[in-house]
file protein_1.txt (compact mmCIF, C-alpha atoms)
# COMPACT_ATOMS: atom_id res chain seq x y z
CA MET A 232 6.61 2.41 -12.14
CA THR A 233 8.94 2.79 -9.18
CA ASP A 234 12.58 3.58 -9.96
CA THR A 235 15.06 0.94 -8.91
CA THR A 236 18.83 0.78 -9.02
CA SER A 237 20.68 -1.71 -11.17
CA THR A 238 21.34 -3.92 -8.16
CA ASP A 239 17.81 -4.16 -6.82
CA ALA A 240 15.79 -3.92 -10.05
CA PHE A 241 13.34 -6.76 -10.51
CA ASP A 242 10.39 -7.93 -12.54
CA ALA A 243 7.35 -9.62 -11.03
CA ILE A 244 5.20 -12.56 -12.09
CA VAL A 245 1.93 -13.08 -10.25
CA LEU A 246 0.23 -16.44 -10.72
CA ALA A 247 -3.53 -15.83 -10.75
CA GLY A 248 -4.81 -18.94 -12.47
CA GLY A 249 -5.78 -22.31 -11.05
CA ARG A 250 -9.13 -23.96 -10.48
CA ALA A 251 -9.67 -23.00 -6.80
CA GLN A 252 -11.22 -26.40 -6.14
CA ARG A 253 -11.31 -25.92 -2.36
CA LEU A 254 -13.24 -22.71 -2.95
CA GLY A 255 -15.78 -24.44 -5.13
CA GLY A 256 -14.31 -22.98 -8.29
CA ALA A 257 -14.74 -19.36 -7.14
CA ASP A 258 -12.68 -16.59 -8.71
CA LYS A 259 -10.07 -16.60 -5.95
CA PRO A 260 -7.95 -13.62 -7.08
CA GLY A 261 -11.14 -11.57 -7.31
CA LEU A 262 -12.31 -12.29 -3.76
CA SER A 263 -12.43 -9.24 -1.53
CA VAL A 264 -10.55 -8.87 1.75
CA GLY A 265 -10.77 -5.48 3.40
CA GLY A 266 -12.58 -3.93 0.46
CA ARG A 267 -9.87 -4.89 -2.06
CA THR A 268 -9.38 -7.98 -4.15
CA LEU A 269 -6.69 -10.47 -3.22
CA LEU A 270 -4.97 -9.76 -6.54
CA ASP A 271 -4.88 -6.00 -5.94
CA ARG A 272 -3.42 -6.55 -2.49
CA VAL A 273 -0.60 -8.62 -3.97
CA LEU A 274 0.00 -6.11 -6.76
CA ALA A 275 0.39 -3.39 -4.14
CA ALA A 276 3.14 -5.41 -2.46
CA CYS A 277 5.16 -5.63 -5.69
CA ARG A 278 4.65 -2.07 -6.86
CA GLY A 279 8.43 -1.65 -7.03
CA ALA A 280 8.71 -4.04 -9.98
CA ARG A 281 9.76 -2.52 -13.28
CA ARG A 282 7.32 -4.83 -15.09
CA THR A 283 4.55 -6.97 -13.66
CA VAL A 284 3.01 -9.88 -15.55
CA VAL A 285 -0.14 -11.52 -14.22
CA VAL A 286 -0.75 -15.03 -15.51
CA GLY A 287 -4.44 -15.92 -15.56
CA GLY A 288 -7.80 -14.67 -16.70
CA ARG A 289 -8.06 -10.93 -17.29
CA ARG A 290 -9.85 -8.74 -14.80
CA GLY A 291 -9.84 -5.14 -13.64
CA THR A 292 -6.88 -4.18 -11.45
CA GLU A 293 -5.85 -1.08 -9.54
CA ARG A 294 -2.41 -1.10 -11.16
CA PRO A 295 -1.62 -1.43 -14.87
CA VAL A 296 -0.20 -4.88 -15.56
CA VAL A 297 0.64 -7.10 -18.50
CA TRP A 298 -1.43 -10.25 -18.95
CA ALA A 299 -0.36 -13.73 -19.99
CA GLN A 300 -2.03 -17.13 -20.08
CA GLU A 301 -0.50 -20.56 -19.66
CA ASN A 302 -1.25 -23.16 -22.31
CA PRO A 303 -3.46 -24.95 -21.56
CA PRO A 304 -5.23 -22.71 -19.02
CA GLY A 305 -5.02 -24.29 -15.59
CA GLY A 306 -1.83 -26.11 -16.51
CA GLY A 307 -0.26 -25.55 -13.10
CA PRO A 308 2.38 -23.28 -11.58
CA VAL A 309 5.35 -24.37 -13.70
CA ALA A 310 3.45 -23.82 -16.95
CA ALA A 311 2.17 -20.50 -15.62
CA LEU A 312 5.66 -19.41 -14.63
CA ASP A 313 6.94 -20.31 -18.07
CA ALA A 314 4.20 -18.19 -19.66
CA GLY A 315 5.10 -15.28 -17.40
CA LEU A 316 8.79 -15.47 -18.24
CA ARG A 317 8.02 -15.56 -21.96
CA GLN A 318 5.79 -12.54 -21.71
CA LEU A 319 8.45 -10.62 -19.78
CA ALA A 320 10.98 -11.45 -22.50
CA ARG A 321 8.58 -10.21 -25.20
CA GLU A 322 7.93 -7.00 -23.27
CA TRP A 323 11.62 -6.26 -22.91
CA GLN A 324 12.31 -7.16 -26.53
CA GLN A 325 9.54 -4.85 -27.72
CA SER A 326 10.70 -2.06 -25.45
CA THR A 327 14.26 -2.32 -26.71
CA THR A 328 13.16 -2.46 -30.33
CA ASP A 329 10.87 0.54 -30.03
CA THR A 330 13.15 2.93 -28.14
CA GLY A 331 16.49 1.34 -27.34
CA ARG A 332 15.85 2.37 -23.75
CA THR A 333 14.05 0.04 -21.39
CA GLY A 334 13.86 1.84 -18.05
CA ASP A 335 12.61 5.26 -19.20
CA ASN A 336 10.25 3.76 -21.74
CA ASP A 337 8.81 1.46 -19.09
CA ARG A 338 7.70 4.46 -17.01
CA ALA A 339 6.29 6.21 -20.08
CA VAL A 340 4.24 3.14 -21.00
CA ALA A 341 2.88 2.87 -17.46
CA ALA A 342 1.90 6.54 -17.42
CA SER A 343 0.23 6.26 -20.82
CA ARG A 344 -1.77 3.21 -19.79
CA SER A 345 -2.88 4.92 -16.58
CA ALA A 346 -4.04 7.98 -18.50
CA GLU A 347 -6.00 5.91 -21.00
CA ASP A 348 -7.79 4.07 -18.23
CA GLY A 349 -8.71 7.18 -16.26
CA ARG A 350 -7.91 5.84 -12.80
CA GLY A 351 -4.90 3.69 -13.59
CA ARG A 352 -7.05 0.58 -13.60
CA SER A 353 -6.41 -2.05 -16.23
CA GLY A 354 -9.03 -4.34 -17.62
CA ALA A 355 -9.81 -6.64 -20.49
CA GLY A 356 -9.19 -3.99 -23.11
CA SER A 357 -6.25 -2.14 -21.62
CA GLU A 358 -3.45 -4.54 -22.59
CA ARG A 359 -2.71 -6.33 -25.80
CA SER A 360 -3.73 -9.96 -25.93
CA THR A 361 -1.24 -12.59 -24.85
CA ALA A 362 -3.56 -15.59 -25.08
CA GLY A 363 -1.78 -18.71 -26.21
CA ALA A 364 1.59 -17.72 -24.77
CA GLY A 365 3.26 -20.57 -22.94
CA ALA A 366 4.66 -24.01 -23.44
CA GLY A 367 2.91 -24.43 -26.77
CA ALA A 368 5.25 -21.88 -28.33
CA GLY A 369 8.22 -24.16 -27.75
CA VAL A 370 10.44 -23.96 -24.69
CA GLY A 371 13.05 -21.25 -25.10
CA ALA A 372 11.63 -19.95 -28.37
CA GLY A 373 12.06 -16.24 -28.81
CA VAL A 374 13.69 -15.75 -25.40
CA GLY A 375 17.40 -15.68 -26.13
CA GLY A 376 19.66 -13.69 -23.82
CA GLN A 377 18.50 -11.00 -21.45
CA GLU A 378 17.88 -7.65 -23.03
CA PRO A 379 20.12 -4.71 -22.08
CA GLY A 380 18.95 -3.28 -18.80
CA GLU A 381 16.58 -6.16 -18.09
CA PRO A 382 16.47 -7.03 -14.39
CA ARG A 383 18.03 -10.40 -13.72
CA ASN A 384 15.77 -11.00 -10.68
CA VAL A 385 12.16 -12.15 -10.93
CA LEU A 386 9.77 -11.97 -8.01
CA VAL A 387 7.24 -14.80 -8.12
CA LEU A 388 4.02 -14.53 -6.11
CA SER A 389 0.68 -16.23 -5.88
CA ALA A 390 -2.39 -14.02 -6.11
CA ASP A 391 -3.95 -15.06 -2.80
CA LEU A 392 -1.69 -13.42 -0.19
CA PRO A 393 -3.80 -10.85 1.67
CA PHE A 394 -1.12 -9.79 4.16
CA LEU A 395 1.96 -9.61 1.97
CA ARG A 396 3.53 -6.16 2.19
CA GLU A 397 6.13 -4.29 0.19
CA PRO A 398 8.79 -4.40 2.96
CA THR A 399 8.72 -8.21 2.82
CA VAL A 400 9.22 -8.08 -0.95
CA GLN A 401 12.09 -5.63 -0.63
CA GLY A 402 13.63 -7.82 2.06
CA LEU A 403 13.67 -10.77 -0.34
CA ILE A 404 15.28 -8.68 -3.07
CA ARG A 405 17.98 -7.40 -0.73
CA ALA A 406 18.60 -10.87 0.65
CA LEU A 407 19.27 -12.24 -2.83
CA GLU A 408 21.65 -9.43 -3.62
CA ASP A 409 23.45 -9.98 -0.33
CA GLU A 410 23.93 -13.63 -1.27
CA GLY A 411 25.93 -12.58 -4.32
CA ARG A 412 25.98 -14.46 -7.59
CA GLY A 413 26.21 -17.85 -5.90
CA ARG A 414 22.53 -18.12 -4.94
CA GLU A 415 19.81 -18.62 -7.53
CA GLY A 416 16.96 -17.33 -5.39
CA VAL A 417 15.59 -16.66 -1.92
CA LEU A 418 12.38 -18.19 -0.56
CA LEU A 419 10.22 -16.84 2.22
CA THR A 420 9.65 -19.23 5.10
CA ASP A 421 6.47 -19.06 7.18
CA ALA A 422 6.13 -19.10 10.97
CA ALA A 423 6.42 -22.90 10.99
CA GLY A 424 9.58 -22.85 8.87
CA ARG A 425 7.84 -24.11 5.71
CA GLU A 426 9.26 -22.88 2.42
CA GLN A 427 7.03 -20.73 0.22
CA PRO A 428 8.16 -21.04 -3.42
CA LEU A 429 5.38 -18.64 -4.49
CA VAL A 430 6.70 -15.91 -2.20
CA ALA A 431 10.21 -15.81 -3.56
CA VAL A 432 12.67 -14.04 -5.81
CA TYR A 433 14.71 -15.97 -8.39
CA ARG A 434 17.43 -15.37 -10.94
CA ALA A 435 15.58 -15.21 -14.26
CA GLU A 436 18.33 -17.07 -16.09
CA SER A 437 18.16 -19.96 -13.61
CA LEU A 438 14.38 -20.24 -13.97
CA ARG A 439 14.60 -20.36 -17.76
CA ARG A 440 17.29 -23.02 -17.63
CA GLU A 441 15.43 -25.31 -15.26
CA ILE A 442 12.10 -24.90 -17.05
CA ALA A 443 13.76 -25.91 -20.32
CA LEU A 444 15.25 -28.99 -18.66
CA LEU A 445 11.88 -29.97 -17.16
CA ALA A 446 10.16 -29.63 -20.51
CA THR A 447 12.79 -31.86 -22.09
CA GLU A 448 12.53 -34.46 -19.33
CA TYR A 449 8.74 -34.58 -19.02
CA GLY A 450 7.67 -33.57 -22.52
CA SER A 451 5.22 -31.00 -21.11
CA LEU A 452 5.11 -28.52 -18.26
CA SER A 453 1.40 -28.98 -17.62
CA GLY A 454 0.63 -30.42 -14.20
CA LEU A 455 4.20 -30.36 -12.91
CA SER A 456 4.84 -29.48 -9.28
CA LEU A 457 6.77 -26.30 -8.57
CA ARG A 458 8.94 -28.34 -6.19
CA LEU A 459 10.46 -30.08 -9.21
CA LEU A 460 11.73 -26.70 -10.31
CA THR A 461 12.85 -25.24 -7.01
CA GLY A 462 14.46 -28.51 -5.93
CA GLU A 463 17.14 -28.03 -8.59
CA LEU A 464 18.01 -24.46 -7.58
CA ASP A 465 20.50 -23.22 -5.01
CA LEU A 466 18.18 -21.18 -2.81
CA GLY A 467 18.49 -19.13 0.34
CA ARG A 468 15.74 -18.77 2.94
CA ARG A 469 14.40 -15.72 4.71
CA SER A 470 11.78 -15.44 7.42
CA GLY A 471 9.27 -12.62 7.24
CA GLU A 472 6.25 -11.29 9.05
CA PRO A 473 4.25 -14.22 10.47
CA SER A 474 1.26 -13.41 8.26
CA ALA A 475 3.15 -12.59 5.06
CA ALA A 476 2.83 -16.13 3.67
CA PHE A 477 -0.79 -16.61 4.76
CA ASP A 478 -2.79 -17.65 1.69
CA CYS A 479 -6.49 -18.12 1.06
CA ASP A 480 -7.07 -21.67 -0.15
CA THR A 481 -10.41 -22.26 1.58
CA TRP A 482 -13.45 -20.26 2.63
CA GLU A 483 -12.24 -20.62 6.20
CA ASP A 484 -9.01 -18.90 5.18
CA VAL A 485 -10.93 -16.08 3.53
CA SER A 486 -13.11 -15.63 6.62
CA ALA A 487 -10.04 -15.63 8.87
CA ALA A 488 -8.37 -12.97 6.72
CA ARG A 489 -11.48 -10.79 6.73
CA ALA A 490 -11.74 -11.07 10.51
CA ARG A 491 -8.05 -10.37 11.12
CA ILE A 492 -7.99 -7.01 9.39
CA ARG A 493 -10.70 -5.79 11.76
CA GLU A 494 -8.85 -6.77 14.91
CA HIS A 495 -7.83 -3.92 17.18
CA GLY A 496 -4.12 -4.40 16.62
CA HIS A 497 -4.38 -4.46 12.82
CA VAL A 498 -7.34 -2.42 11.67
CA LEU A 499 -5.61 0.99 11.46
CA ASP A 500 -2.58 -0.33 9.58
CA GLU A 501 -4.83 -2.26 7.22
CA TRP A 502 -7.06 0.73 6.63
CA ILE A 503 -4.18 3.14 6.00
CA ALA A 504 -2.59 0.67 3.57
CA ALA A 505 -5.90 0.28 1.73
CA VAL A 506 -6.47 4.02 1.45
CA LYS A 507 -2.92 4.63 0.21
CA ASP A 508 -3.34 2.01 -2.48
CA GLU A 509 -6.78 3.27 -3.46
CA LEU A 510 -5.48 6.84 -3.76
CA ASP A 511 -2.17 5.73 -5.32
CA ILE A 512 -0.08 7.31 -2.56
CA GLU A 513 3.43 6.05 -1.87
CA LEU A 514 4.01 7.72 1.48
CA ASP A 515 4.95 6.47 4.92
CA VAL A 516 2.25 7.73 7.26
CA ASP A 517 3.11 8.60 10.87
CA VAL A 518 -0.10 7.14 12.24
CA SER A 519 0.78 7.87 15.87
CA GLY A 520 1.62 11.49 15.11
CA LEU A 521 -1.60 12.09 13.21
CA LEU A 522 -3.66 10.41 15.91
CA ASP A 523 -2.01 12.60 18.52
CA LEU A 524 -2.83 15.64 16.41
CA ALA A 525 -6.46 14.52 16.04
CA ARG A 526 -6.69 13.98 19.79
CA ASP A 527 -5.26 17.43 20.56
CA ALA A 528 -7.63 19.09 18.11
CA ALA A 529 -10.65 17.18 19.43
CA HIS A 530 -9.90 17.86 23.10
CA GLY A 531 -8.44 21.33 22.83
CA VAL A 532 -10.77 22.79 20.21
CA ALA A 533 -13.85 20.71 19.39
CA ARG A 534 -14.49 17.13 18.31
CA PRO A 535 -15.24 18.00 14.65
CA ALA A 536 -11.88 19.77 14.51
CA ALA A 537 -10.05 16.41 14.48
CA PRO A 538 -10.86 15.21 10.94
CA LEU A 539 -10.83 18.73 9.53
CA THR A 540 -7.38 19.43 11.00
CA THR A 541 -5.84 16.24 9.66
CA PHE A 542 -7.38 16.98 6.26
CA LEU A 543 -5.79 20.42 6.23
CA VAL A 544 -2.43 18.92 7.22
CA GLY A 545 -2.64 16.57 4.27
CA TYR A 546 -3.65 19.38 1.97
CA ALA A 547 -0.76 21.53 3.13
CA ALA A 548 1.68 18.65 2.67
CA GLY A 549 0.36 17.95 -0.82
CA ALA A 550 0.86 21.58 -1.78
CA ALA A 551 4.42 21.68 -0.41
CA ALA A 552 6.26 20.94 -3.64
CA HIS A 553 6.08 17.16 -3.25
CA ARG A 554 8.22 17.09 -0.09
CA GLY A 555 6.43 13.96 1.08
CA GLU A 556 6.95 12.73 4.62
CA GLU A 557 8.92 15.85 5.57
CA ALA A 558 6.00 18.11 4.60
CA VAL A 559 3.52 15.97 6.53
CA ALA A 560 5.72 16.03 9.62
CA GLU A 561 6.20 19.80 9.42
CA ALA A 562 2.49 20.51 8.94
CA THR A 563 1.65 18.13 11.79
CA ARG A 564 4.06 19.87 14.16
CA LYS A 565 2.63 23.28 13.34
CA ALA A 566 -0.98 22.12 13.77
CA GLU A 567 -0.15 20.35 17.04
CA ALA A 568 1.50 23.49 18.42
CA LEU A 569 -1.52 25.56 17.42
CA ALA A 570 -3.91 23.09 19.07
CA ARG A 571 -1.87 23.21 22.30
CA ARG A 572 -1.84 27.02 22.30
CA TRP A 573 -5.57 27.04 21.68
CA ALA A 574 -6.18 24.64 24.60
CA GLU A 575 -3.83 26.52 26.94
CA GLU A 576 -5.57 29.80 26.19
CA ALA A 577 -8.96 28.27 26.97
CA THR A 578 -7.65 26.88 30.26
CA THR A 579 -6.13 30.20 31.26
CA THR A 580 -9.31 32.05 30.40
CA GLY A 581 -11.39 29.65 32.45
CA THR A 582 -9.31 30.05 35.63
CA ALA A 583 -8.31 33.71 35.58
CA SER A 584 -10.57 36.45 37.02
CA GLN A 585 -12.85 37.78 34.34
CA PRO A 586 -12.69 41.51 33.66
CA GLN A 587 -15.97 43.21 34.67
CA ALA A 588 -18.02 44.79 31.97
CA ALA A 589 -18.00 48.54 32.24
CA GLU A 590 -21.25 49.92 33.58
CA PRO A 591 -22.96 52.50 31.40
CA ARG A 592 -22.20 56.03 32.34
CA PRO A 593 -25.24 57.85 33.84
CA ALA A 594 -26.86 60.63 31.93
CA ALA A 595 -26.09 64.13 33.08
CA ASP A 596 -29.52 64.55 34.77
CA GLN A 597 -29.51 61.11 36.39
CA PRO A 598 -27.86 60.18 39.67
CA ALA A 599 -25.10 57.68 39.71
CA PRO A 600 -26.12 54.16 40.81
CA GLY A 601 -26.78 54.03 44.55
CA GLN A 602 -27.42 57.74 44.87
CA GLY A 603 -30.60 59.80 45.01
CA LYS A 604 -30.89 62.97 43.07
CA ASP A 605 -29.96 65.01 46.09
CA ASN A 606 -28.76 62.20 48.27
CA GLY A 607 -30.65 64.03 50.92
CA PRO A 608 -33.00 63.01 53.69
CA GLY A 609 -35.36 60.22 52.71
CA ALA A 610 -33.03 58.75 50.12
CA PRO A 611 -32.25 55.06 50.75
CA PRO A 612 -28.72 54.27 51.80
CA ALA A 613 -26.47 53.04 48.97
CA SER A 614 -26.01 49.72 50.72
CA GLU A 615 -29.70 48.97 51.02
CA PRO A 616 -31.98 48.13 48.15
CA GLY A 617 -34.85 50.40 47.51
CA PRO A 618 -38.47 49.26 47.30
CA GLY A 619 -38.97 46.69 44.55
CA GLU A 620 -35.25 46.17 43.97
CA THR A 621 -33.49 42.86 44.41
CA GLY A 622 -30.14 44.11 45.39
CA ALA A 623 -28.51 42.28 42.51
CA ARG A 624 -27.02 44.36 39.77
call {"tool": "encode", "arguments": {"input": "protein_1.txt", "output": "structure tokens"}}
result
Amino acid sequence: MTDTTSTDAFDAIVLAGGRAQRLGGADKPGLSVGGRTLLDRVLAACRGARRTVVVGGRRGTERPVVWAQENPPGGGPVAALDAGLRQLAREWQQSTTDTGRTGDNDRAVAASRSAEDGRGRSGAGSERSTAGAGAGAGVGAGVGGQEPGEPRNVLVLSADLPFLREPTVQGLIRALEDEGRGREGVLLTDAAGREQPLVAVYRAESLRREIALLATEYGSLSGLSLRLLTGELDLGRRSGEPSAAFDCDTWEDVSAARARIREHGHVLDEWIAAVKDELDIELDVDVSGLLDLARDAAHGVARPAAPLTTFLVGYAAGAAAHRGEEAVAEATRKAEALARRWAEEATTTGTASQPQAAEPRPAADQPAPGQGKDNGPGAPPASEPGPGETGAR
């Protein structure tokens, strides 16, 4: 998993349950937008989390995750959040018990799980069962204090956010840290100013406290509104990209999301993000620079040179001792310069006078062109073509 400092370290809980009634009971997290499931798109946005727990039915995912299930299934967001917090506590407790080191062991576990699965995908058999975790275990049971090194911040997301991106997540994390210890979380607000409690980062200790109080007051967490929980917390607000909080509650929403990623102003960014996630690449791509390179190669060399050149740039960057963006930029500059030199040479060649091919030297017993053997009387003048000749050489 991605390294984080002690100040910006966080865990993530993704709520992927629910009945999806407005979708006719469809498997909402498994719906595809831009060739990737909604759940995978959300998991890509929180790739910086040290641990990620998905609460809901198991399914294949691009990233290794830990699974949990609220009790009863479909018990609502508060019950699901409680199940996620409990599973995080168990993961940290197990990690500390096994090694005494949480951060390094976390990366080792992630690497091991990726290797076992072949492509880093997790499925029904790739994580130990957590069925039954949740309110039925007794609120607060087995949680205790935070384990050494455990992040105190928890990112909470729904699994139906097709346009959520990692910069928005990192902005929430930084905003909470900027607030200091006084705030208990930061919510994202959408373009209309509405608060999004399922696109937010919270203090884990505050969530545990309020969930315990709700369980005591209501006797059960099942069916409780998340607003009951967030209404008791001291929260900051942060605006993000207009589409970051867009969720897919209806088929109309799904259709709108699928159409948006193909719009002219979005399709390249969406495609690059999808390819990076599919290939597990964490690299900022200079799209404009690569497009300029492809254009130069296509116009200055030949059209098929464009994809081949950009491939070779990527290959060179990958072989450059993991220098990342710097290697891509360097390889791009070199290839662009070569393409310009190639084009300039072709232009110069096309406008300059062409050197004439040397005429073959005449044999010793043959006259030079334009001359008779003796160049005597009866021989045609050099400037006039002889019989049957065209005059063109």
call {"tool": "closest_residue", "arguments": {"input": "protein_1.txt", "among": "A:Val309, A:Leu407, A:Ala566, A:Ala247", "to": "A:Leu445", "atoms": "only C-alpha atoms"}}
result
A:Val309
call {"tool": "closest_residue", "arguments": {"input": "protein_1.txt", "among": "A:Leu270, A:Val284, A:Leu392, A:Val245", "to": "A:Asp478", "atoms": "only C-alpha atoms"}}
result
A:Leu392
call {"tool": "residues_near_point", "arguments": {"input": "protein_1.txt", "point": "(17.2, -15.0, -2.5)", "cutoff": "8 Å", "atoms": "all atoms listed in the file", "output": "mmCIF file with C-alpha atoms, in the frame of the given file"}}
result
data_model
loop_
_atom_site.group_PDB
_atom_site.id
_atom_site.type_symbol
_atom_site.label_atom_id
_atom_site.label_comp_id
_atom_site.auth_asym_id
_atom_site.auth_seq_id
_atom_site.Cartn_x
_atom_site.Cartn_y
_atom_site.Cartn_z
ATOM 1 C CA LEU A 403 13.670 -10.770 -0.340
ATOM 2 C CA ILE A 404 15.280 -8.680 -3.070
ATOM 3 C CA ARG A 405 17.980 -7.400 -0.730
ATOM 4 C CA ALA A 406 18.600 -10.870 0.650
ATOM 5 C CA LEU A 407 19.270 -12.240 -2.830
ATOM 6 C CA GLU A 408 21.650 -9.430 -3.620
ATOM 7 C CA GLU A 410 23.930 -13.630 -1.270
ATOM 8 C CA ARG A 414 22.530 -18.120 -4.940
ATOM 9 C CA GLU A 415 19.810 -18.620 -7.530
ATOM 10 C CA GLY A 416 16.960 -17.330 -5.390
ATOM 11 C CA VAL A 417 15.590 -16.660 -1.920
ATOM 12 C CA LEU A 418 12.380 -18.190 -0.560
ATOM 13 C CA ALA A 431 10.210 -15.810 -3.560
ATOM 14 C CA VAL A 432 12.670 -14.040 -5.810
ATOM 15 C CA TYR A 433 14.710 -15.970 -8.390
ATOM 16 C CA LEU A 466 18.180 -21.180 -2.810
ATOM 17 C CA GLY A 467 18.490 -19.130 0.340
ATOM 18 C CA ARG A 468 15.740 -18.770 2.940
ATOM 19 C CA ARG A 469 14.400 -15.720 4.710
#
call {"tool": "closest_residue", "arguments": {"input": "protein_1.txt", "among": "A:Val544, A:Pro398, A:Ile503, A:Pro308", "to": "A:Thr461", "atoms": "only C-alpha atoms"}}
result
A:Pro308
call {"tool": "closest_residue", "arguments": {"input": "protein_1.txt", "among": "A:Leu522, A:Val485, A:Leu452, A:Leu319", "to": "A:Leu499", "atoms": "all atoms listed in the file"}}
result
A:Leu522
